[in-house]
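Structure file run35.cif with mmCIF, C-alpha atoms and all ligand atoms:
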data_data
#
loop_
_atom_site.group_PDB
_atom_site.id
_atom_site.type_symbol
_atom_site.label_atom_id
_atom_site.label_comp_id
_atom_site.auth_asym_id
_atom_site.auth_seq_id
_atom_site.Cartn_x
_atom_site.Cartn_y
_atom_site.Cartn_z
ATOM 1 C CA MET A 113 -58.563 52.192 149.682
ATOM 2 C CA VAL A 114 -59.032 49.017 147.732
ATOM 3 C CA ASN A 115 -55.486 48.675 146.440
ATOM 4 C CA GLU A 116 -53.748 49.308 149.735
ATOM 5 C CA GLN A 117 -52.677 45.667 149.972
ATOM 6 C CA LEU A 118 -50.900 45.911 146.646
ATOM 7 C CA SER A 119 -48.251 48.091 148.252
ATOM 8 C CA GLN A 120 -47.516 45.664 151.092
ATOM 9 C CA PRO A 121 -44.548 43.344 150.528
ATOM 10 C CA ALA A 122 -45.248 40.303 152.781
ATOM 11 C CA ILE A 123 -45.469 37.480 150.259
ATOM 12 C CA ASN A 124 -44.375 33.961 150.956
ATOM 13 C CA VAL A 125 -43.323 32.130 147.817
ATOM 14 C CA SER A 126 -43.058 28.526 148.792
ATOM 15 C CA PRO A 127 -42.028 25.832 146.296
ATOM 16 C CA GLN A 128 -43.842 23.348 148.494
ATOM 17 C CA LEU A 129 -47.077 25.327 148.335
ATOM 18 C CA ALA A 130 -46.755 25.516 144.587
ATOM 19 C CA ARG A 131 -46.688 21.734 144.381
ATOM 20 C CA GLU A 132 -49.771 21.181 146.529
ATOM 21 C CA PRO A 133 -52.872 20.928 144.359
ATOM 22 C CA GLY A 134 -55.335 23.724 144.935
ATOM 23 C CA ARG A 135 -52.952 26.047 146.768
ATOM 24 C CA PRO A 136 -51.923 29.406 145.325
ATOM 25 C CA ILE A 137 -48.308 29.527 144.145
ATOM 26 C CA SER A 138 -47.592 32.436 146.501
ATOM 27 C CA ARG A 139 -49.426 33.290 149.659
ATOM 28 C CA ASN A 140 -49.864 36.661 151.262
ATOM 29 C CA GLU A 141 -49.100 36.012 154.887
ATOM 30 C CA ASN A 142 -51.303 38.940 155.911
ATOM 31 C CA ALA A 143 -54.350 37.259 154.399
ATOM 32 C CA ASN A 144 -56.804 34.902 156.087
ATOM 33 C CA HIS A 145 -56.179 31.298 155.051
ATOM 34 C CA ASP A 146 -59.121 29.576 156.690
ATOM 35 C CA LEU A 147 -60.660 27.402 154.040
ATOM 36 C CA SER A 148 -64.045 28.372 152.613
ATOM 37 C CA VAL A 149 -64.323 26.132 149.553
ATOM 38 C CA ARG A 150 -62.110 23.180 148.627
ATOM 39 C CA VAL A 151 -62.339 21.990 145.026
ATOM 40 C CA ARG A 152 -60.617 18.798 143.920
ATOM 41 C CA ASP A 153 -60.418 17.153 140.488
ATOM 42 C CA LEU A 154 -63.498 18.976 139.256
ATOM 43 C CA ASN A 155 -64.556 18.134 135.707
ATOM 44 C CA LEU A 156 -67.675 19.389 133.965
ATOM 45 C CA TRP A 157 -69.184 18.535 130.599
ATOM 46 C CA TYR A 158 -71.990 20.205 128.635
ATOM 47 C CA GLY A 159 -72.987 17.178 126.568
ATOM 48 C CA HIS A 160 -69.711 16.169 124.892
ATOM 49 C CA ASN A 161 -68.009 19.528 125.430
ATOM 50 C CA GLN A 162 -65.735 19.455 128.466
ATOM 51 C CA ALA A 163 -65.850 22.961 129.943
ATOM 52 C CA LEU A 164 -63.847 22.347 133.156
ATOM 53 C CA LYS A 165 -60.799 20.089 133.312
ATOM 54 C CA ASN A 166 -59.430 18.765 136.553
ATOM 55 C CA ILE A 167 -59.794 21.943 138.604
ATOM 56 C CA ASN A 168 -58.127 22.046 142.027
ATOM 57 C CA ILE A 169 -58.442 25.184 144.111
ATOM 58 C CA ASP A 170 -58.661 26.223 147.760
ATOM 59 C CA ILE A 171 -60.721 29.387 148.229
ATOM 60 C CA TYR A 172 -60.048 31.248 151.461
ATOM 61 C CA GLN A 173 -62.566 32.800 153.794
ATOM 62 C CA LYS A 174 -62.989 36.569 153.910
ATOM 63 C CA ASN A 175 -60.813 37.190 150.881
ATOM 64 C CA VAL A 176 -61.731 38.333 147.399
ATOM 65 C CA THR A 177 -60.770 35.734 144.783
ATOM 66 C CA ALA A 178 -60.938 36.878 141.150
ATOM 67 C CA LEU A 179 -61.436 34.462 138.253
ATOM 68 C CA ILE A 180 -59.901 35.781 135.036
ATOM 69 C CA GLY A 181 -59.278 34.385 131.558
ATOM 70 C CA PRO A 182 -60.391 34.704 127.951
ATOM 71 C CA SER A 183 -64.002 34.401 126.910
ATOM 72 C CA GLY A 184 -65.316 30.829 127.036
ATOM 73 C CA CYS A 185 -62.547 29.518 129.340
ATOM 74 C CA GLY A 186 -65.032 28.332 131.986
ATOM 75 C CA LYS A 187 -65.062 31.107 134.608
ATOM 76 C CA SER A 188 -68.856 31.388 134.895
ATOM 77 C CA THR A 189 -69.238 27.624 134.682
ATOM 78 C CA PHE A 190 -66.824 27.250 137.586
ATOM 79 C CA LEU A 191 -68.631 29.946 139.594
ATOM 80 C CA ARG A 192 -71.940 28.147 139.090
ATOM 81 C CA CYS A 193 -70.413 24.910 140.433
ATOM 82 C CA LEU A 194 -70.110 26.591 143.827
ATOM 83 C CA ASN A 195 -73.873 26.986 144.294
ATOM 84 C CA ARG A 196 -75.004 24.185 141.978
ATOM 85 C CA MET A 197 -76.606 26.539 139.498
ATOM 86 C CA ASN A 198 -75.364 24.225 136.738
ATOM 87 C CA ASP A 199 -77.917 21.677 137.959
ATOM 88 C CA LEU A 200 -80.490 23.790 136.141
ATOM 89 C CA ILE A 201 -78.822 22.915 132.804
ATOM 90 C CA LYS A 202 -79.953 19.516 131.513
ATOM 91 C CA SER A 203 -76.870 18.476 129.530
ATOM 92 C CA VAL A 204 -74.442 19.030 132.435
ATOM 93 C CA ARG A 205 -72.376 16.237 133.960
ATOM 94 C CA ILE A 206 -70.076 16.941 136.904
ATOM 95 C CA GLU A 207 -67.334 14.842 138.515
ATOM 96 C CA GLY A 208 -65.120 15.732 141.450
ATOM 97 C CA LEU A 209 -65.380 17.444 144.804
ATOM 98 C CA VAL A 210 -66.695 20.883 145.764
ATOM 99 C CA GLU A 211 -66.490 20.946 149.529
ATOM 100 C CA MET A 212 -67.826 23.497 152.017
ATOM 101 C CA ASP A 213 -67.599 22.891 155.743
ATOM 102 C CA GLY A 214 -66.410 19.367 155.053
ATOM 103 C CA ARG A 215 -69.447 18.476 152.908
ATOM 104 C CA ASP A 216 -69.581 17.917 149.162
ATOM 105 C CA VAL A 217 -72.154 20.352 147.763
ATOM 106 C CA ASN A 218 -72.982 17.830 145.019
ATOM 107 C CA GLU A 219 -74.001 15.042 147.378
ATOM 108 C CA SER A 220 -77.621 14.116 146.852
ATOM 109 C CA ARG A 221 -78.648 14.870 150.437
ATOM 110 C CA MET A 222 -77.418 18.460 150.202
ATOM 111 C CA ASP A 223 -80.438 20.776 150.307
ATOM 112 C CA GLU A 224 -80.081 23.141 147.326
ATOM 113 C CA VAL A 225 -82.197 25.870 148.904
ATOM 114 C CA ALA A 226 -80.055 25.853 152.037
ATOM 115 C CA LEU A 227 -76.904 25.823 149.874
ATOM 116 C CA ARG A 228 -78.060 28.876 147.915
ATOM 117 C CA ARG A 229 -78.734 30.686 151.185
ATOM 118 C CA ARG A 230 -75.127 30.053 152.180
ATOM 119 C CA VAL A 231 -73.790 30.919 148.734
ATOM 120 C CA GLY A 232 -75.362 34.098 147.377
ATOM 121 C CA MET A 233 -75.013 35.312 143.809
ATOM 122 C CA VAL A 234 -74.864 38.673 142.079
ATOM 123 C CA PHE A 235 -75.176 38.706 138.296
ATOM 124 C CA GLN A 236 -73.748 40.833 135.510
ATOM 125 C CA LYS A 237 -77.012 42.672 134.933
ATOM 126 C CA PRO A 238 -78.772 43.952 138.058
ATOM 127 C CA ASN A 239 -81.933 41.886 138.473
ATOM 128 C CA PRO A 240 -84.070 43.260 141.324
ATOM 129 C CA PHE A 241 -87.385 41.509 141.943
ATOM 130 C CA PRO A 242 -90.426 43.408 140.623
ATOM 131 C CA LYS A 243 -91.157 44.446 144.208
ATOM 132 C CA SER A 244 -90.460 47.370 146.503
ATOM 133 C CA ILE A 245 -86.936 48.170 147.641
ATOM 134 C CA TYR A 246 -87.942 46.951 151.110
ATOM 135 C CA GLU A 247 -89.392 43.651 149.854
ATOM 136 C CA ASN A 248 -86.351 42.975 147.667
ATOM 137 C CA ILE A 249 -84.403 42.653 150.907
ATOM 138 C CA ALA A 250 -87.022 41.249 153.292
ATOM 139 C CA TYR A 251 -88.428 38.484 151.084
ATOM 140 C CA ALA A 252 -85.643 35.879 151.282
ATOM 141 C CA PRO A 253 -84.933 36.219 155.028
ATOM 142 C CA ARG A 254 -88.680 35.681 155.644
ATOM 143 C CA MET A 255 -88.688 32.625 153.366
ATOM 144 C CA HIS A 256 -85.712 31.195 155.253
ATOM 145 C CA ASP A 257 -87.360 31.965 158.637
ATOM 146 C CA LEU A 258 -84.502 34.248 159.616
ATOM 147 C CA VAL A 259 -86.936 36.908 160.883
ATOM 148 C CA SER A 260 -90.470 36.768 162.225
ATOM 149 C CA ARG A 261 -91.205 40.034 164.039
ATOM 150 C CA ARG A 262 -91.751 43.101 161.892
ATOM 151 C CA ALA A 263 -89.258 45.122 163.957
ATOM 152 C CA ASP A 264 -86.543 42.507 163.347
ATOM 153 C CA GLN A 265 -87.342 42.579 159.661
ATOM 154 C CA ASP A 266 -87.049 46.380 159.542
ATOM 155 C CA GLU A 267 -83.720 46.161 161.311
ATOM 156 C CA LEU A 268 -82.440 43.498 158.929
ATOM 157 C CA VAL A 269 -83.487 45.537 155.878
ATOM 158 C CA GLU A 270 -81.711 48.607 157.232
ATOM 159 C CA ARG A 271 -78.567 46.616 158.120
ATOM 160 C CA ALA A 272 -78.335 45.019 154.664
ATOM 161 C CA LEU A 273 -78.897 48.342 152.891
ATOM 162 C CA ARG A 274 -76.316 50.040 155.106
ATOM 163 C CA ASP A 275 -73.775 47.260 154.502
ATOM 164 C CA ALA A 276 -74.392 47.601 150.765
ATOM 165 C CA GLY A 277 -73.812 51.371 151.006
ATOM 166 C CA LEU A 278 -77.332 52.168 149.813
ATOM 167 C CA TRP A 279 -79.266 53.125 152.947
ATOM 168 C CA ASN A 280 -78.828 56.898 152.734
ATOM 169 C CA GLU A 281 -79.993 56.937 149.121
ATOM 170 C CA VAL A 282 -83.164 54.878 149.656
ATOM 171 C CA LYS A 283 -84.227 55.258 153.296
ATOM 172 C CA ASP A 284 -87.026 57.701 152.391
ATOM 173 C CA LYS A 285 -88.428 55.603 149.546
ATOM 174 C CA LEU A 286 -88.337 52.012 150.725
ATOM 175 C CA GLN A 287 -91.769 51.301 149.257
ATOM 176 C CA GLU A 288 -90.804 52.399 145.747
ATOM 177 C CA PRO A 289 -90.015 49.674 143.181
ATOM 178 C CA GLY A 290 -86.452 48.352 143.151
ATOM 179 C CA THR A 291 -86.477 48.840 139.399
ATOM 180 C CA SER A 292 -86.900 52.614 139.853
ATOM 181 C CA LEU A 293 -83.279 52.898 141.015
ATOM 182 C CA SER A 294 -80.287 53.634 138.771
ATOM 183 C CA GLY A 295 -78.257 50.690 137.412
ATOM 184 C CA GLY A 296 -75.509 51.113 140.013
ATOM 185 C CA GLN A 297 -78.067 51.439 142.822
ATOM 186 C CA GLN A 298 -79.915 48.362 141.537
ATOM 187 C CA GLN A 299 -76.663 46.384 141.662
ATOM 188 C CA ARG A 300 -76.098 47.491 145.272
ATOM 189 C CA LEU A 301 -79.718 46.510 146.004
ATOM 190 C CA CYS A 302 -78.925 43.041 144.601
ATOM 191 C CA ILE A 303 -75.837 42.893 146.816
ATOM 192 C CA ALA A 304 -77.972 43.953 149.820
ATOM 193 C CA ARG A 305 -80.455 41.213 148.892
ATOM 194 C CA ALA A 306 -77.634 38.663 148.728
ATOM 195 C CA ILE A 307 -76.146 39.615 152.113
ATOM 196 C CA ALA A 308 -79.528 39.872 153.876
ATOM 197 C CA VAL A 309 -79.664 36.077 154.297
ATOM 198 C CA LYS A 310 -76.195 36.103 155.858
ATOM 199 C CA PRO A 311 -74.394 33.889 153.356
ATOM 200 C CA ASP A 312 -70.853 32.602 153.842
ATOM 201 C CA VAL A 313 -69.887 33.161 150.215
ATOM 202 C CA ILE A 314 -70.968 35.728 147.629
ATOM 203 C CA LEU A 315 -70.435 34.857 143.966
ATOM 204 C CA MET A 316 -70.240 37.798 141.578
ATOM 205 C CA ASP A 317 -70.360 37.234 137.826
ATOM 206 C CA GLU A 318 -68.927 40.363 136.183
ATOM 207 C CA PRO A 319 -70.837 42.534 138.682
ATOM 208 C CA THR A 320 -69.723 45.862 137.228
ATOM 209 C CA SER A 321 -69.608 45.166 133.493
ATOM 210 C CA ALA A 322 -72.971 46.889 132.940
ATOM 211 C CA LEU A 323 -72.084 49.911 135.095
ATOM 212 C CA ASP A 324 -70.469 53.313 134.554
ATOM 213 C CA PRO A 325 -67.003 54.025 136.054
ATOM 214 C CA ILE A 326 -68.356 55.799 139.164
ATOM 215 C CA SER A 327 -70.818 52.993 140.000
ATOM 216 C CA THR A 328 -68.009 50.509 139.300
ATOM 217 C CA ALA A 329 -65.703 52.235 141.788
ATOM 218 C CA THR A 330 -68.507 52.234 144.380
ATOM 219 C CA ILE A 331 -69.025 48.479 143.973
ATOM 220 C CA GLU A 332 -65.264 47.827 144.133
ATOM 221 C CA ASP A 333 -65.021 49.789 147.399
ATOM 222 C CA LEU A 334 -68.011 47.835 148.658
ATOM 223 C CA MET A 335 -66.344 44.511 147.844
ATOM 224 C CA ASP A 336 -63.348 45.606 149.856
ATOM 225 C CA LYS A 337 -65.591 46.291 152.880
ATOM 226 C CA LEU A 338 -67.774 43.211 152.471
ATOM 227 C CA LYS A 339 -64.813 40.841 152.564
ATOM 228 C CA GLN A 340 -64.535 41.569 156.293
ATOM 229 C CA GLN A 341 -67.762 39.573 156.652
ATOM 230 C CA PHE A 342 -68.009 37.386 153.558
ATOM 231 C CA THR A 343 -65.928 35.313 151.175
ATOM 232 C CA ILE A 344 -66.200 36.809 147.691
ATOM 233 C CA VAL A 345 -65.504 35.017 144.413
ATOM 234 C CA THR A 346 -65.797 37.292 141.401
ATOM 235 C CA VAL A 347 -65.472 36.859 137.637
ATOM 236 C CA THR A 348 -64.004 39.837 135.836
ATOM 237 C CA HIS A 349 -62.688 40.724 132.383
ATOM 238 C CA ASN A 350 -61.195 43.873 133.815
ATOM 239 C CA MET A 351 -57.570 43.273 134.782
ATOM 240 C CA GLN A 352 -57.309 46.551 136.685
ATOM 241 C CA GLN A 353 -60.344 45.545 138.683
ATOM 242 C CA ALA A 354 -58.834 42.168 139.584
ATOM 243 C CA ALA A 355 -55.607 43.930 140.612
ATOM 244 C CA ARG A 356 -57.555 46.453 142.703
ATOM 245 C CA VAL A 357 -60.018 44.227 144.526
ATOM 246 C CA ALA A 358 -58.708 40.665 144.649
ATOM 247 C CA ASP A 359 -56.452 39.069 147.251
ATOM 248 C CA TYR A 360 -56.069 35.996 145.053
ATOM 249 C CA THR A 361 -56.453 35.574 141.313
ATOM 250 C CA ALA A 362 -57.117 32.400 139.350
ATOM 251 C CA PHE A 363 -56.345 32.373 135.625
ATOM 252 C CA PHE A 364 -58.386 29.957 133.512
ATOM 253 C CA HIS A 365 -57.697 28.947 129.912
ATOM 254 C CA LEU A 366 -59.693 26.491 127.785
ATOM 255 C CA GLY A 367 -61.331 24.952 130.869
ATOM 256 C CA GLU A 368 -58.109 24.539 132.846
ATOM 257 C CA LEU A 369 -56.924 26.464 135.889
ATOM 258 C CA ILE A 370 -53.505 27.510 134.618
ATOM 259 C CA GLU A 371 -52.293 29.660 137.504
ATOM 260 C CA TYR A 372 -53.611 30.485 140.965
ATOM 261 C CA ASN A 373 -51.626 33.072 142.796
ATOM 262 C CA ASP A 374 -51.541 35.971 145.187
ATOM 263 C CA THR A 375 -52.901 38.852 143.089
ATOM 264 C CA ARG A 376 -49.795 41.028 143.429
ATOM 265 C CA MET A 377 -47.612 38.150 142.299
ATOM 266 C CA MET A 378 -49.971 37.245 139.468
ATOM 267 C CA PHE A 379 -49.764 40.769 138.075
ATOM 268 C CA SER A 380 -46.110 41.537 138.838
ATOM 269 C CA ASN A 381 -44.517 38.136 138.312
ATOM 270 C CA PRO A 382 -46.821 35.582 136.691
ATOM 271 C CA HIS A 383 -45.380 32.069 136.741
ATOM 272 C CA THR A 384 -46.859 30.874 133.464
ATOM 273 C CA LYS A 385 -46.420 32.244 129.962
ATOM 274 C CA LYS A 386 -50.157 31.953 129.298
ATOM 275 C CA ALA A 387 -51.067 34.063 132.339
ATOM 276 C CA GLU A 388 -48.406 36.612 131.442
ATOM 277 C CA ASP A 389 -49.639 36.860 127.845
ATOM 278 C CA TYR A 390 -53.221 37.304 128.984
ATOM 279 C CA ILE A 391 -52.437 39.869 131.676
ATOM 280 C CA THR A 392 -50.250 41.916 129.361
ATOM 281 C CA GLY A 393 -52.958 41.893 126.701
ATOM 282 C CA ARG A 394 -51.050 39.749 124.192
ATOM 283 C CA TYR A 395 -54.170 37.633 123.713
ATOM 284 C CA GLY A 396 -57.649 37.185 125.086
HETATM 285 N N1 LIG B 1 -75.556 26.447 129.166
HETATM 286 C C1 LIG B 1 -74.547 25.983 128.410
HETATM 287 N N2 LIG B 1 -74.759 24.952 127.559
HETATM 288 C C2 LIG B 1 -73.771 24.475 126.784
HETATM 289 N N3 LIG B 1 -72.508 24.944 126.787
HETATM 290 C C3 LIG B 1 -72.243 25.974 127.616
HETATM 291 C C4 LIG B 1 -73.240 26.539 128.463
HETATM 292 N N4 LIG B 1 -72.671 27.549 129.180
HETATM 293 C C5 LIG B 1 -71.387 27.601 128.779
HETATM 294 N N5 LIG B 1 -71.113 26.676 127.851
HETATM 295 C C6 LIG B 1 -69.813 26.421 127.199
HETATM 296 O O1 LIG B 1 -68.847 26.160 128.209
HETATM 297 C C7 LIG B 1 -67.622 26.821 127.916
HETATM 298 C C8 LIG B 1 -67.281 27.759 129.071
HETATM 299 O O2 LIG B 1 -68.251 28.809 129.096
HETATM 300 P P1 LIG B 1 -68.327 29.871 130.281
HETATM 301 O O3 LIG B 1 -69.528 30.728 130.057
HETATM 302 O O4 LIG B 1 -68.201 29.197 131.579
HETATM 303 O O5 LIG B 1 -66.983 30.700 130.019
HETATM 304 P P2 LIG B 1 -66.545 32.129 130.558
HETATM 305 O O6 LIG B 1 -65.084 32.038 130.779
HETATM 306 O O7 LIG B 1 -67.376 32.518 131.716
HETATM 307 O O8 LIG B 1 -66.860 33.042 129.304
HETATM 308 P P3 LIG B 1 -67.217 34.614 129.228
HETATM 309 O O9 LIG B 1 -66.018 35.330 129.760
HETATM 310 O O10 LIG B 1 -67.399 34.858 127.754
HETATM 311 O O11 LIG B 1 -68.448 34.856 130.027
HETATM 312 C C9 LIG B 1 -67.808 27.506 126.570
HETATM 313 O O12 LIG B 1 -67.329 26.641 125.581
HETATM 314 C C10 LIG B 1 -69.304 27.670 126.478
HETATM 315 O O13 LIG B 1 -69.721 27.679 125.134
#
Encoded form (structure tokens):
Amino acid sequence: MVNEQLSQPAINVSPQLAREPGRPISRNENANHDLSVRVRDLNLWYGHNQALKNINIDIYQKNVTALIGPSGCGKSTFLRCLNRMNDLIKSVRIEGLVEMDGRDVNESRMDEVALRRRVGMVFQKPNPFPKSIYENIAYAPRMHDLVSRRADQDELVERALRDAGLWNEVKDKLQEPGTSLSGGQQQRLCIARAIAVKPDVILMDEPTSALDPISTATIEDLMDKLKQQFTIVTVTHNMQQAARVADYTAFFHLGELIEYNDTRMMFSNPHTKKAEDYITGRYG
């Protein structure tokens, strides 16, 4: 069950933690607190428009971290800082630190292709390649030299599709186009494609907003399973979804990170008026 953790009481509210930049106000002592991504004093401009203002956040391994906040507050921009997708936008200027494994992802020697292998991404609209179901999974691992023998490749495809909860639905039609699947299946295919290269982090930008409630529930259950292997950072406009799937929740407003907290605390006892107003639907 995805919301099992919400019924567990072990929360440590530490005034000291609250004062340390980047740390959540409250920590769930049952959660893993090994660092995955450390962000310090991150600022981003699109031309003259500053979209991210002095962001500090520690993202923990093998947890789900949800980014919430009103439209235009910088959630997707922040997500794209983690795999340098903003580099593709000409007007962007970035200052500050985004550190993984002790290395700044923005340093010029960082290989972007290798970074994007380590940090996979799933988008709002499922976007399978115009290839077979099998090739959607096998292509990237081959490109990254993760598999050479055909048997290894078959095994990897099966593993990724099983982990994405799709194997039983597609095992008899692996050579059919990925685009022939339903929307929810296509999104799980995209998740299988992302995990096939064994990333550390999976970024999800509103992964269920184009899906029906049943497909949404399937993806939420999947996120809960996948966090045993991967760190997940997800953008969502759906408060119930954040409450169901996320261990930690970060509330953004007008480019600032206003509150970062254990999800149960964020939804039961937000520390800032802005987060409370947003969560209770008073604006946003
Ligand atoms: N490619 C871009 N070029 C210029 N400005 C951009 C670009 N992408 C986003 N912005 C601006 O940056 C700010 C943050 O946008 P962003 O898409 O990150 O917000 P968001 O919180 O993800 O919004 P939404 O919930 O509506 O998706 C907005 O003012 C937006 O107009």
Given the PyMOL selection byres (((not hetatm)) within 9 of (chain B and resi 1)), the residues it picks as a PyMOL selection string: chain A and resi 156-159+161-164+179-192+198+200-204+317-318+347-349+364-367
May I have the selected residues written with C-alpha atoms, as a PDB file, in the frame of the given file?
ATOM      1  CA  LEU A 156     -67.675  19.389 133.965  1.00  0.00           C
ATOM      2  CA  TRP A 157     -69.184  18.535 130.599  1.00  0.00           C
ATOM      3  CA  TYR A 158     -71.990  20.205 128.635  1.00  0.00           C
ATOM      4  CA  GLY A 159     -72.987  17.178 126.568  1.00  0.00           C
ATOM      5  CA  ASN A 161     -68.009  19.528 125.430  1.00  0.00           C
ATOM      6  CA  GLN A 162     -65.735  19.455 128.466  1.00  0.00           C
ATOM      7  CA  ALA A 163     -65.850  22.961 129.943  1.00  0.00           C
ATOM      8  CA  LEU A 164     -63.847  22.347 133.156  1.00  0.00           C
ATOM      9  CA  LEU A 179     -61.436  34.462 138.253  1.00  0.00           C
ATOM     10  CA  ILE A 180     -59.901  35.781 135.036  1.00  0.00           C
ATOM     11  CA  GLY A 181     -59.278  34.385 131.558  1.00  0.00           C
ATOM     12  CA  PRO A 182     -60.391  34.704 127.951  1.00  0.00           C
ATOM     13  CA  SER A 183     -64.002  34.401 126.910  1.00  0.00           C
ATOM     14  CA  GLY A 184     -65.316  30.829 127.036  1.00  0.00           C
ATOM     15  CA  CYS A 185     -62.547  29.518 129.340  1.00  0.00           C
ATOM     16  CA  GLY A 186     -65.032  28.332 131.986  1.00  0.00           C
ATOM     17  CA  LYS A 187     -65.062  31.107 134.608  1.00  0.00           C
ATOM     18  CA  SER A 188     -68.856  31.388 134.895  1.00  0.00           C
ATOM     19  CA  THR A 189     -69.238  27.624 134.682  1.00  0.00           C
ATOM     20  CA  PHE A 190     -66.824  27.250 137.586  1.00  0.00           C
ATOM     21  CA  LEU A 191     -68.631  29.946 139.594  1.00  0.00           C
ATOM     22  CA  ARG A 192     -71.940  28.147 139.090  1.00  0.00           C
ATOM     23  CA  ASN A 198     -75.364  24.225 136.738  1.00  0.00           C
ATOM     24  CA  LEU A 200     -80.490  23.790 136.141  1.00  0.00           C
ATOM     25  CA  ILE A 201     -78.822  22.915 132.804  1.00  0.00           C
ATOM     26  CA  LYS A 202     -79.953  19.516 131.513  1.00  0.00           C
ATOM     27  CA  SER A 203     -76.870  18.476 129.530  1.00  0.00           C
ATOM     28  CA  VAL A 204     -74.442  19.030 132.435  1.00  0.00           C
ATOM     29  CA  ASP A 317     -70.360  37.234 137.826  1.00  0.00           C
ATOM     30  CA  GLU A 318     -68.927  40.363 136.183  1.00  0.00           C
ATOM     31  CA  VAL A 347     -65.472  36.859 137.637  1.00  0.00           C
ATOM     32  CA  THR A 348     -64.004  39.837 135.836  1.00  0.00           C
ATOM     33  CA  HIS A 349     -62.688  40.724 132.383  1.00  0.00           C
ATOM     34  CA  PHE A 364     -58.386  29.957 133.512  1.00  0.00           C
ATOM     35  CA  HIS A 365     -57.697  28.947 129.912  1.00  0.00           C
ATOM     36  CA  LEU A 366     -59.693  26.491 127.785  1.00  0.00           C
ATOM     37  CA  GLY A 367     -61.331  24.952 130.869  1.00  0.00           C
TER      38      GLY A 367
END
Atom CA of Val217 of chain A to atom CA of Val176 of chain A, straight-line distance in Å: 20.8 Å
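Straight-line separation from atom CA of Leu323 of chain A to atom CA of Ser148 of chain A: 28.9 Å.
Note that the spacing between atom CA of Ala276 of chain A and atom CA of Ile303 of chain A amounts to 6.3 Å.
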Reference answer for the PyMOL selection byres (((chain A and resi 166) around 8) and not hetatm), as number ranges by chain: A: 152-155, 164-165, 167-168, 368
A:Thr343, A:Asn175, A:Asn140, A:Ser220 ranked by distance to Pro311 of chain A, top pick (using all atoms listed in the file): A:Thr343
Surrounding residues of Phe241 of chain A excluding itself and chain neighbours under 3 positions, 12 Å, all atoms listed in the file, as a ChimeraX atom specification: /A:238,244-252,289-292,298-299,301-302,305
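The shortest atom-to-atom distance to Gly208 of chain A, with all atoms listed in the file taken into account, belongs to A:Val151 out of A:Gln353, A:Ile307, A:Val151, A:Lys385.
Residues of protein, DNA and RNA with at least one atom no farther than 12 Å from (-52.3, 31.1, 156.3) are, using only C-alpha atoms, Ile123, Asn124, Leu129, Arg135, Pro136, Ser138, Arg139, Asn140, Glu141, Asn142, Ala143, Asn144, His145, Asp146, Leu147, Asp170, Ile171, Tyr172, Gln173 and Asn175 of chain A.
Candidate residues A:Thr361, A:Thr392, A:Asn280, A:Ser294 were compared for distance to Thr346 of chain A, and the nearest is A:Thr361, using all atoms listed in the file.
The environment of Asn195 of chain A within 7 Å, counting only C-alpha atoms and disregarding residues fewer than 4 places along the same chain, consists of Leu227, Arg228 and Val231 of chain A.
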Could you model N, CA and C atoms for segment 379-389 of chain A and present them as an mmCIF file, keeping the file's coordinate frame?
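Okay, rebuild28.cif is ready:
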data_model
loop_
_atom_site.group_PDB
_atom_site.id
_atom_site.type_symbol
_atom_site.label_atom_id
_atom_site.label_comp_id
_atom_site.auth_asym_id
_atom_site.auth_seq_id
_atom_site.Cartn_x
_atom_site.Cartn_y
_atom_site.Cartn_z
ATOM 1 N N PHE A 379 -49.888 39.629 138.988
ATOM 2 C CA PHE A 379 -49.764 40.769 138.075
ATOM 3 C C PHE A 379 -48.331 41.300 137.955
ATOM 4 N N SER A 380 -47.480 41.014 138.941
ATOM 5 C CA SER A 380 -46.110 41.537 138.838
ATOM 6 C C SER A 380 -45.143 40.466 138.340
ATOM 7 N N ASN A 381 -45.469 39.185 138.645
ATOM 8 C CA ASN A 381 -44.517 38.136 138.312
ATOM 9 C C ASN A 381 -45.253 36.821 138.035
ATOM 10 N N PRO A 382 -46.074 36.805 136.968
ATOM 11 C CA PRO A 382 -46.821 35.582 136.691
ATOM 12 C C PRO A 382 -45.871 34.420 136.427
ATOM 13 N N HIS A 383 -46.266 33.222 136.862
ATOM 14 C CA HIS A 383 -45.380 32.069 136.741
ATOM 15 C C HIS A 383 -45.551 31.327 135.423
ATOM 16 N N THR A 384 -46.641 31.594 134.721
ATOM 17 C CA THR A 384 -46.859 30.874 133.464
ATOM 18 C C THR A 384 -46.900 31.871 132.307
ATOM 19 N N LYS A 385 -46.449 31.402 131.153
ATOM 20 C CA LYS A 385 -46.420 32.244 129.962
ATOM 21 C C LYS A 385 -47.849 32.635 129.563
ATOM 22 N N LYS A 386 -48.776 31.665 129.706
ATOM 23 C CA LYS A 386 -50.157 31.953 129.298
ATOM 24 C C LYS A 386 -50.749 33.077 130.150
ATOM 25 N N ALA A 387 -50.527 33.006 131.463
ATOM 26 C CA ALA A 387 -51.067 34.063 132.339
ATOM 27 C C ALA A 387 -50.410 35.394 131.994
ATOM 28 N N GLU A 388 -49.113 35.373 131.775
ATOM 29 C CA GLU A 388 -48.406 36.612 131.442
ATOM 30 C C GLU A 388 -48.956 37.209 130.147
ATOM 31 N N ASP A 389 -49.137 36.363 129.124
ATOM 32 C CA ASP A 389 -49.639 36.860 127.845
ATOM 33 C C ASP A 389 -51.036 37.464 128.005
#
